[in-house]
Every structure is written in structure tokens, then in C-alpha cells.
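Undergrad: So here's input.cif (mmCIF, C-alpha atoms).
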data_start
#
loop_
_atom_site.label_atom_id
_atom_site.label_comp_id
_atom_site.auth_asym_id
_atom_site.auth_seq_id
_atom_site.Cartn_x
_atom_site.Cartn_y
_atom_site.Cartn_z
CA MET A 1 146.77 -38.13 147.50
CA GLY A 2 145.00 -40.11 150.20
CA ARG A 3 143.63 -42.75 147.81
CA ILE A 4 145.49 -45.72 149.31
CA ASP A 5 144.66 -47.38 152.63
CA PHE A 6 147.46 -49.67 153.80
CA SER A 7 145.52 -50.85 156.88
CA LEU A 8 144.16 -53.83 154.92
CA VAL A 9 147.68 -54.73 153.82
CA SER A 10 148.90 -54.93 157.41
CA GLU A 11 145.97 -57.20 158.31
CA ALA A 12 146.61 -59.69 155.46
CA PRO A 13 148.57 -62.85 156.34
CA LEU A 14 152.03 -63.17 154.88
CA LEU A 15 151.74 -66.78 153.70
CA THR A 16 148.85 -69.18 153.24
CA VAL A 17 148.29 -72.55 151.60
CA PRO A 18 144.94 -73.29 149.90
CA VAL A 19 142.92 -76.11 151.46
CA PRO A 20 140.77 -78.21 149.07
CA PHE A 21 137.02 -77.95 149.76
CA LYS A 22 137.60 -75.70 152.77
CA PHE A 23 133.92 -74.65 152.78
CA GLY A 24 132.58 -78.15 152.23
CA PHE A 25 131.02 -79.76 149.18
CA GLY A 26 127.42 -79.46 148.06
CA PHE A 27 125.17 -79.51 145.00
CA ASP A 28 122.23 -77.26 144.20
CA TRP A 29 120.19 -77.66 141.01
CA GLN A 30 119.06 -74.02 141.08
CA ALA A 31 122.68 -72.93 141.03
CA PHE A 32 123.82 -75.67 138.67
CA ILE A 33 121.53 -74.85 135.73
CA PRO A 34 122.49 -71.17 135.25
CA ILE A 35 126.17 -71.90 135.92
CA ALA A 36 126.15 -74.75 133.38
CA PHE A 37 124.55 -72.45 130.84
CA MET A 38 127.15 -69.79 131.59
CA TYR A 39 129.88 -72.37 130.93
CA ILE A 40 128.41 -72.93 127.46
CA ILE A 41 128.40 -69.21 126.78
CA THR A 42 131.94 -68.73 128.07
CA SER A 43 133.00 -71.52 125.70
CA ILE A 44 131.73 -69.31 122.90
CA GLU A 45 133.67 -66.40 124.34
CA THR A 46 136.76 -68.60 124.60
CA SER A 47 136.44 -69.52 120.93
CA GLY A 48 136.31 -65.83 120.01
CA ASP A 49 139.28 -64.99 122.22
CA LEU A 50 141.37 -67.81 120.78
CA THR A 51 140.39 -66.82 117.26
CA ALA A 52 141.59 -63.27 117.93
CA THR A 53 144.78 -64.62 119.51
CA SER A 54 145.45 -66.77 116.47
CA MET A 55 144.85 -63.89 114.07
CA ILE A 56 147.06 -61.33 115.79
CA SER A 57 149.75 -63.99 116.30
CA GLY A 58 149.88 -64.85 112.61
CA GLU A 59 148.31 -68.27 113.10
CA PRO A 60 145.51 -69.74 110.93
CA ILE A 61 141.88 -69.09 111.89
CA LYS A 62 140.56 -71.94 109.76
CA GLY A 63 141.47 -75.56 109.25
CA PRO A 64 142.48 -78.54 111.46
CA LEU A 65 145.19 -76.70 113.44
CA TYR A 66 142.80 -73.91 114.32
CA GLU A 67 140.07 -76.36 115.36
CA LYS A 68 142.55 -78.29 117.49
CA ARG A 69 143.57 -75.06 119.22
CA ILE A 70 139.94 -74.15 119.93
CA LYS A 71 139.19 -77.61 121.38
CA GLY A 72 142.29 -77.44 123.56
CA GLY A 73 141.39 -73.97 124.82
CA VAL A 74 137.84 -74.95 125.77
CA LEU A 75 139.11 -78.12 127.46
CA GLY A 76 141.69 -76.05 129.33
CA ASP A 77 138.93 -73.74 130.57
CA GLY A 78 137.00 -76.71 131.91
CA VAL A 79 139.98 -78.27 133.67
CA ASN A 80 141.06 -74.94 135.16
CA SER A 81 137.56 -74.24 136.42
CA ALA A 82 137.35 -77.67 138.05
CA ILE A 83 140.68 -77.11 139.82
CA SER A 84 139.55 -73.63 140.90
CA GLY A 85 136.38 -75.06 142.42
CA ILE A 86 138.38 -77.63 144.38
CA PHE A 87 140.56 -74.89 145.84
CA ASN A 88 137.62 -72.62 146.77
CA SER A 89 138.00 -70.15 143.92
CA PHE A 90 135.78 -68.95 141.10
CA PRO A 91 135.62 -70.57 137.65
CA VAL A 92 138.15 -69.21 135.19
CA THR A 93 138.05 -68.53 131.48
CA THR A 94 140.15 -66.88 128.82
CA PHE A 95 140.54 -63.12 128.96
CA SER A 96 140.22 -61.04 125.81
CA GLN A 97 142.59 -58.54 127.43
CA ASN A 98 145.40 -60.98 126.66
CA ASN A 99 144.90 -60.20 122.99
CA GLY A 100 145.40 -56.54 123.80
CA VAL A 101 148.68 -57.37 125.57
CA ILE A 102 149.87 -59.35 122.54
CA GLN A 103 149.11 -56.47 120.20
CA MET A 104 150.80 -53.95 122.49
CA THR A 105 153.96 -55.99 123.13
CA GLY A 106 154.19 -58.02 119.93
CA ILE A 107 154.91 -61.13 122.03
CA ALA A 108 152.67 -64.18 121.62
CA SER A 109 154.98 -66.95 122.83
CA ARG A 110 153.24 -69.58 124.95
CA TYR A 111 156.41 -69.91 127.04
CA VAL A 112 155.86 -66.38 128.30
CA GLY A 113 152.43 -67.54 129.43
CA PHE A 114 154.00 -70.47 131.28
CA TYR A 115 156.38 -68.18 133.16
CA VAL A 116 153.62 -65.71 134.01
CA ALA A 117 151.40 -68.55 135.25
CA GLY A 118 154.22 -69.75 137.51
CA ILE A 119 154.75 -66.24 138.89
CA LEU A 120 151.02 -65.83 139.59
CA PHE A 121 150.90 -69.26 141.27
CA ILE A 122 153.70 -68.28 143.63
CA MET A 123 152.19 -64.85 144.30
CA GLY A 124 148.91 -66.52 145.19
CA LEU A 125 150.57 -68.08 148.22
CA PHE A 126 151.23 -64.60 149.65
CA PRO A 127 147.92 -62.80 150.41
CA VAL A 128 149.81 -59.67 151.40
CA LEU A 129 150.76 -59.16 147.76
CA GLY A 130 147.13 -59.45 146.71
CA ALA A 131 146.16 -56.91 149.36
CA ILE A 132 148.69 -54.47 147.91
CA PHE A 133 147.34 -54.83 144.38
CA THR A 134 143.74 -54.37 145.54
CA GLN A 135 144.70 -50.95 146.89
CA LEU A 136 145.62 -49.62 143.46
CA PRO A 137 143.39 -46.58 142.80
CA LYS A 138 140.79 -47.08 140.08
CA PRO A 139 142.16 -44.19 137.96
CA VAL A 140 145.53 -45.95 137.88
CA VAL A 141 143.99 -49.28 136.85
CA GLY A 142 141.83 -47.48 134.29
CA GLY A 143 144.80 -45.69 132.80
CA VAL A 144 146.69 -48.95 132.44
CA THR A 145 143.83 -50.85 130.85
CA LEU A 146 142.37 -48.11 128.65
CA LEU A 147 144.58 -48.78 125.64
CA MET A 148 144.47 -52.53 126.19
CA PHE A 149 140.67 -52.68 126.05
CA ALA A 150 140.72 -50.49 122.96
CA THR A 151 143.03 -52.96 121.26
CA VAL A 152 140.63 -55.76 122.24
CA ALA A 153 137.84 -53.93 120.42
CA THR A 154 140.16 -53.51 117.44
CA ALA A 155 140.82 -57.25 117.39
CA GLY A 156 137.07 -57.87 117.34
CA ILE A 157 136.67 -55.53 114.37
CA ARG A 158 139.47 -57.36 112.57
CA ILE A 159 137.67 -60.67 113.11
CA LEU A 160 134.45 -59.23 111.73
CA SER A 161 136.38 -57.99 108.70
CA THR A 162 137.05 -61.63 107.78
CA VAL A 163 133.33 -62.45 107.76
CA ASN A 164 131.59 -62.83 104.43
CA PHE A 165 128.81 -60.27 104.90
CA THR A 166 125.89 -62.01 103.25
CA HIS A 167 122.33 -60.90 103.91
CA ARG A 168 121.96 -63.74 106.44
CA ASN A 169 125.19 -62.96 108.29
CA VAL A 170 124.39 -59.26 108.50
CA LEU A 171 121.03 -60.03 110.09
CA ILE A 172 122.61 -62.36 112.67
CA ILE A 173 125.42 -59.94 113.54
CA ALA A 174 123.14 -56.90 113.73
CA THR A 175 120.53 -58.62 115.91
CA SER A 176 122.97 -60.20 118.36
CA LEU A 177 125.14 -57.08 118.56
CA GLY A 178 122.15 -54.79 119.02
CA LEU A 179 120.60 -56.85 121.82
CA GLY A 180 123.98 -57.32 123.49
CA LEU A 181 124.66 -53.58 123.49
CA GLY A 182 121.14 -52.96 124.75
CA VAL A 183 121.76 -55.15 127.81
CA ALA A 184 125.16 -53.49 128.36
CA PHE A 185 123.79 -49.93 128.23
CA VAL A 186 120.51 -50.66 130.07
CA PRO A 187 121.41 -53.35 132.64
CA ASP A 188 118.08 -52.95 134.49
CA VAL A 189 116.00 -53.91 131.46
CA PHE A 190 115.34 -57.37 132.97
CA ALA A 191 114.97 -56.17 136.56
CA GLN A 192 111.43 -57.57 136.81
CA MET A 193 112.28 -60.95 135.29
CA PRO A 194 112.96 -64.12 137.34
CA GLN A 195 116.47 -64.55 138.70
CA LEU A 196 117.19 -67.54 136.44
CA PHE A 197 116.30 -65.48 133.36
CA ARG A 198 118.53 -62.63 134.54
CA ASN A 199 121.41 -65.00 135.18
CA ILE A 200 121.24 -66.17 131.58
CA PHE A 201 120.32 -63.03 129.63
CA GLY A 202 121.56 -60.32 131.98
CA SER A 203 125.04 -60.28 130.42
CA ALA A 204 125.87 -58.73 127.08
CA VAL A 205 128.06 -61.73 126.23
CA THR A 206 125.38 -64.32 127.02
CA MET A 207 122.66 -62.34 125.27
CA SER A 208 124.71 -61.89 122.09
CA GLY A 209 125.92 -65.49 122.14
CA VAL A 210 122.48 -67.04 122.64
CA ILE A 211 120.85 -64.88 119.97
CA ALA A 212 123.64 -65.52 117.45
CA ILE A 213 123.47 -69.30 117.99
CA ALA A 214 119.66 -69.35 117.85
CA LEU A 215 119.51 -67.35 114.62
CA ASP A 216 122.26 -69.44 113.03
CA VAL A 217 120.23 -72.58 113.78
CA ILE A 218 116.83 -71.18 112.83
CA LEU A 219 117.60 -69.23 109.67
CA PRO A 220 117.99 -71.41 106.55
CA LYS A 221 121.38 -71.31 104.87
CA ASN A 222 119.81 -69.81 101.76
CA TYR A 223 118.02 -67.05 103.67
CA GLY A 224 118.36 -63.79 101.75
CA VAL A 225 120.56 -65.38 99.12
CA GLU A 226 118.65 -63.53 96.41
CA TYR A 227 120.13 -60.26 97.70
CA ASP A 228 123.73 -61.47 97.51
CA THR A 229 126.22 -62.04 94.74
CA GLU A 230 127.35 -65.47 93.66
CA GLU A 231 130.89 -64.78 94.94
CA GLN A 232 129.55 -64.37 98.47
CA HIS A 233 128.33 -67.97 98.50
CA ILE A 234 131.21 -69.79 96.85
CA GLU A 235 132.18 -71.51 100.11
CA ASP A 236 128.54 -72.47 100.83
CA GLY A 237 127.91 -73.80 97.36
CA LEU A 238 124.75 -71.70 97.07
CA LYS A 239 123.67 -69.70 94.08
CA PRO A 240 121.57 -66.50 94.19
CA LEU A 241 117.93 -67.04 93.37
CA ARG A 242 117.75 -63.74 91.49
CA LYS A 243 117.77 -64.27 87.74
CA LYS A 244 119.99 -62.18 85.54
CA ALA A 245 118.32 -60.02 82.92
CA SER A 246 118.77 -61.32 79.40
#
Please lay out the structure from this file as C-alpha cells.
TA:
Amino acid sequence: MGRIDFSLVSEAPLLTVPVPFKFGFGFDWQAFIPIAFMYIITSIETSGDLTATSMISGEPIKGPLYEKRIKGGVLGDGVNSAISGIFNSFPVTTFSQNNGVIQMTGIASRYVGFYVAGILFIMGLFPVLGAIFTQLPKPVVGGVTLLMFATVATAGIRILSTVNFTHRNVLIIATSLGLGLGVAFVPDVFAQMPQLFRNIFGSAVTMSGVIAIALDVILPKNYGVEYDTEEQHIEDGLKPLRKKAS
């Protein structure tokens, strides 16, 4: 159909070995601050991805084991990103698409992940293979990932279904989700803002994450408790302020 150009494949080298710090080593505060902030936000994203992975894999999403898994995942992100920087690559983080793969295949074994990581490591030594994959037409890639991204959204809905929807939680979710979707649908909304501001709030993930964290810190735990039932606050130990009619 004329959608594939193999000229780039013929130009790619067959084998290459990554050289640490090939482009030198430097430090820039203007680049460091937004990237450091992005690392914090991606840690939030990692926590959400690992929570979804635990849920669809039948693992607990509360308790010591869950917290240990979250800490290990965030630490793994940091170590992987440091190694990527040494070998001239971009930082890496967890991909929510993996949850879609688990739901589609029913396989959540970590040993499968080890084998896949080994395969990808070996393939990375052969740029010609990467050149072939980059020539895949966008409709083909879209067709492959359409169902997977839909299952990712489903996993997010399932996580929200476990939330105790108190008046306070609804306000936090609605505000962060609304602003995040606003940035996603109108990406030029911050076009006139400084670059640093756009680096931080120009992504739907960062916008939603920052707003959710800020509201969770600012709003008192008993905010809107008078509109809720006592059962909604059993875990918090709070009681509704609304008095029952005698």
C-alpha cells in the first residue's frame, strides 16, 4: 500500500554497543528542576500503575505487602532511569499498557517480564530491528493498541470503584480529573505561560497529580463530613456532624 519505506532500514547498522556518556556529562539547573518535578509525578503514576497491576493480578491493594510492592516499583523506576541516563537514553517509568496486556492475556507472572526484558535487551543491540519496527504504519499500531488502551481505562475505573466516595473524595477526584482532561483536550491552554510552568502543568498526568495532592493536603479530613453517612467514615474514625432528628 506504499506506507512502508525500507530505505531507513537499509541505512541502520546491524550491530552496535552502547557507550556510557557518549555525549558527555553536564548539569543544568533549568533542566534539573522540571525533570525532578516530573520524576515526582511519574512516581505517582507508577503507584497507580502498580495498584492496577496488583488488582487485576489478584494481589492485595492495601497492607504491608502492597506498600512494599509500591516502594520497590518506585525504586526500580529510579534505578532504571539512572542506568538509562548513563547509556544515553531517556528516563523510563512503568507503562499502564502493561495492565492492559495482563487483562487481555490473563498472564501476570513476573518471570514473563524477566524473559521479555532479556529479549528487549538483546534486540536493543541490533538497530536494524528497531528501524523495522519504526516503519510500522500508524493504523497498524493503532489497531493493535486500541483494545489495550481501552482495558487500561477499565482498570482505572475499577480502581475508582474501590474508593469510598465521601464528599471530600468526590471534590478531589472531580477537580483533578476535570483539570487533567482540560489540559488533554486543550493542550494550548498554557501556550502563553513560561516554559517551566508548561513543563510542569502541560501534561494531563502532572496536572491531575499535582491538584489531587494539593487538595488532599489542604482540605481537612472532616471536610464535608456532614453530607456523608457514618459508614463512609468508619476507616477514618470520623462521625458526621449532622444531627439525627429525634
Undergrad: Output the residue selection produced by the PyMOL selection byres ((chain A and resi 175-191) around 8) on the file above, formatted as a list in words.
TA: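 Listing what the PyMOL selection byres ((chain A and resi 175-191) around 8) selects in the shown file: Leu171, Ile172, Ile173, Ala174, Gln192, Met193, Arg198, Gly202, Ser203, Ala204, Val205, Thr206, Met207, Ser208, Gly209, Ile211 and Ala212 of chain A.
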Undergrad: Smallest atom-to-atom distance to Ile44 in chain A: which of A:Ile213, A:Asn99, A:Tyr115, A:Arg69, using all atoms listed in the file?
TA: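 When distances to Ile44 in chain A are compared using all atoms listed in the file, the smallest one comes from A:Ile213.
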Undergrad: Would you pick out the contacts of Ala131 in chain A at 9 Å or less, using only C-alpha atoms, so that residues sharing its chain but fewer than 2 positions from it are not included, and give the list as a VMD selection string?
TA: chain A and resid 6 8 to 12 127 to 129 133 to 135
Undergrad: Report the residues retrieved by the PyMOL selection byres ((chain A and resi 66) around 12) from the displayed file, expressed as a list in words.
TA: Ser47, Gly48, Leu50, Thr51, Ala52, Thr53, Ser54, Met55, Gly58, Glu59, Pro60, Ile61, Lys62, Gly63, Pro64, Leu65, Glu67, Lys68, Arg69, Ile70, Lys71, Gly72 and Gly73 of chain A
Undergrad: Could you pull out every residue with an atom within 9 Å of (143.1, -54.7, 118.6), file coordinates, counting only C-alpha atoms, and send them as a PDB file with C-alpha atoms, keeping the file's coordinate frame?
TA:
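The new file out-v3.pdb reads:
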ATOM      1  CA  ALA A  52     141.590 -63.270 117.930  1.00  0.00           C
ATOM      2  CA  ILE A  56     147.060 -61.330 115.790  1.00  0.00           C
ATOM      3  CA  ASN A  99     144.900 -60.200 122.990  1.00  0.00           C
ATOM      4  CA  GLY A 100     145.400 -56.540 123.800  1.00  0.00           C
ATOM      5  CA  GLN A 103     149.110 -56.470 120.200  1.00  0.00           C
ATOM      6  CA  MET A 104     150.800 -53.950 122.490  1.00  0.00           C
ATOM      7  CA  MET A 148     144.470 -52.530 126.190  1.00  0.00           C
ATOM      8  CA  PHE A 149     140.670 -52.680 126.050  1.00  0.00           C
ATOM      9  CA  ALA A 150     140.720 -50.490 122.960  1.00  0.00           C
ATOM     10  CA  THR A 151     143.030 -52.960 121.260  1.00  0.00           C
ATOM     11  CA  VAL A 152     140.630 -55.760 122.240  1.00  0.00           C
ATOM     12  CA  ALA A 153     137.840 -53.930 120.420  1.00  0.00           C
ATOM     13  CA  THR A 154     140.160 -53.510 117.440  1.00  0.00           C
ATOM     14  CA  ALA A 155     140.820 -57.250 117.390  1.00  0.00           C
ATOM     15  CA  GLY A 156     137.070 -57.870 117.340  1.00  0.00           C
ATOM     16  CA  ILE A 157     136.670 -55.530 114.370  1.00  0.00           C
ATOM     17  CA  ARG A 158     139.470 -57.360 112.570  1.00  0.00           C
TER      18      ARG A 158
END
Undergrad: Could you list, as a list in words, every residue within 10 Å of Phe23 in chain A, counting only C-alpha atoms and ignoring same-chain residues fewer than 2 positions away?
TA: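 That gives Val19, Pro20, Phe21, Phe25, Gly26, Ile86, Phe87 and Asn88 of chain A.
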Undergrad: Which residue, A:Leu196, A:Ile132, A:Val170, A:Val163, has the smallest gap to Leu215 in chain A when you use all atoms listed in the file?
TA: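 Residue with the minimum atom-to-atom distance to Leu215 in chain A: A:Val170.
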Undergrad: Grab the CA of Ser161 in chain A to CA of Glu226 in chain A distance for me, in Å with one decimal place.
TA: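 Taking CA of Ser161 in chain A and CA of Glu226 in chain A, their separation equals 22.3 Å.
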Undergrad: Could you give me, as a ChimeraX atom specification, the residues within 7 Å of Leu15 in chain A, counting all atoms listed in the file and dropping anything in the same chain fewer than 2 positions from it?
TA: /A:13,125-127
Undergrad: Spell out the residues picked by the PyMOL selection byres ((chain A and resi 225) around 10) here, as a list in words.
TA: Thr166, His167, Arg168, Pro220, Lys221, Asn222, Tyr223, Gly224, Glu226, Tyr227, Asp228, Thr229, Glu230, Gln232, His233, Leu238, Lys239, Pro240, Leu241 and Arg242 of chain A
Undergrad: Quick one, how far is CA of Val116 in chain A from CA of Gly143 in chain A?
TA: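 Distance between the two atoms: 21.9 Å.
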Undergrad: For a test of reading the model, state the distance in Å between CA of Thr46 in chain A and CA of Thr94 in chain A, rounded to one decimal.
TA: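 The value is 5.7 Å.
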Undergrad: Provide an axis-aligned box for all listed atoms of range 130-140 of chain A, padding each side by 6 Å; report its centre and its edge lengths in Å to one decimal, as lines of an AutoDock Vina configuration file.
TA:
center_x = 144.7
center_y = -51.8
center_z = 143.6
size_x = 19.9
size_y = 27.3
size_z = 23.5
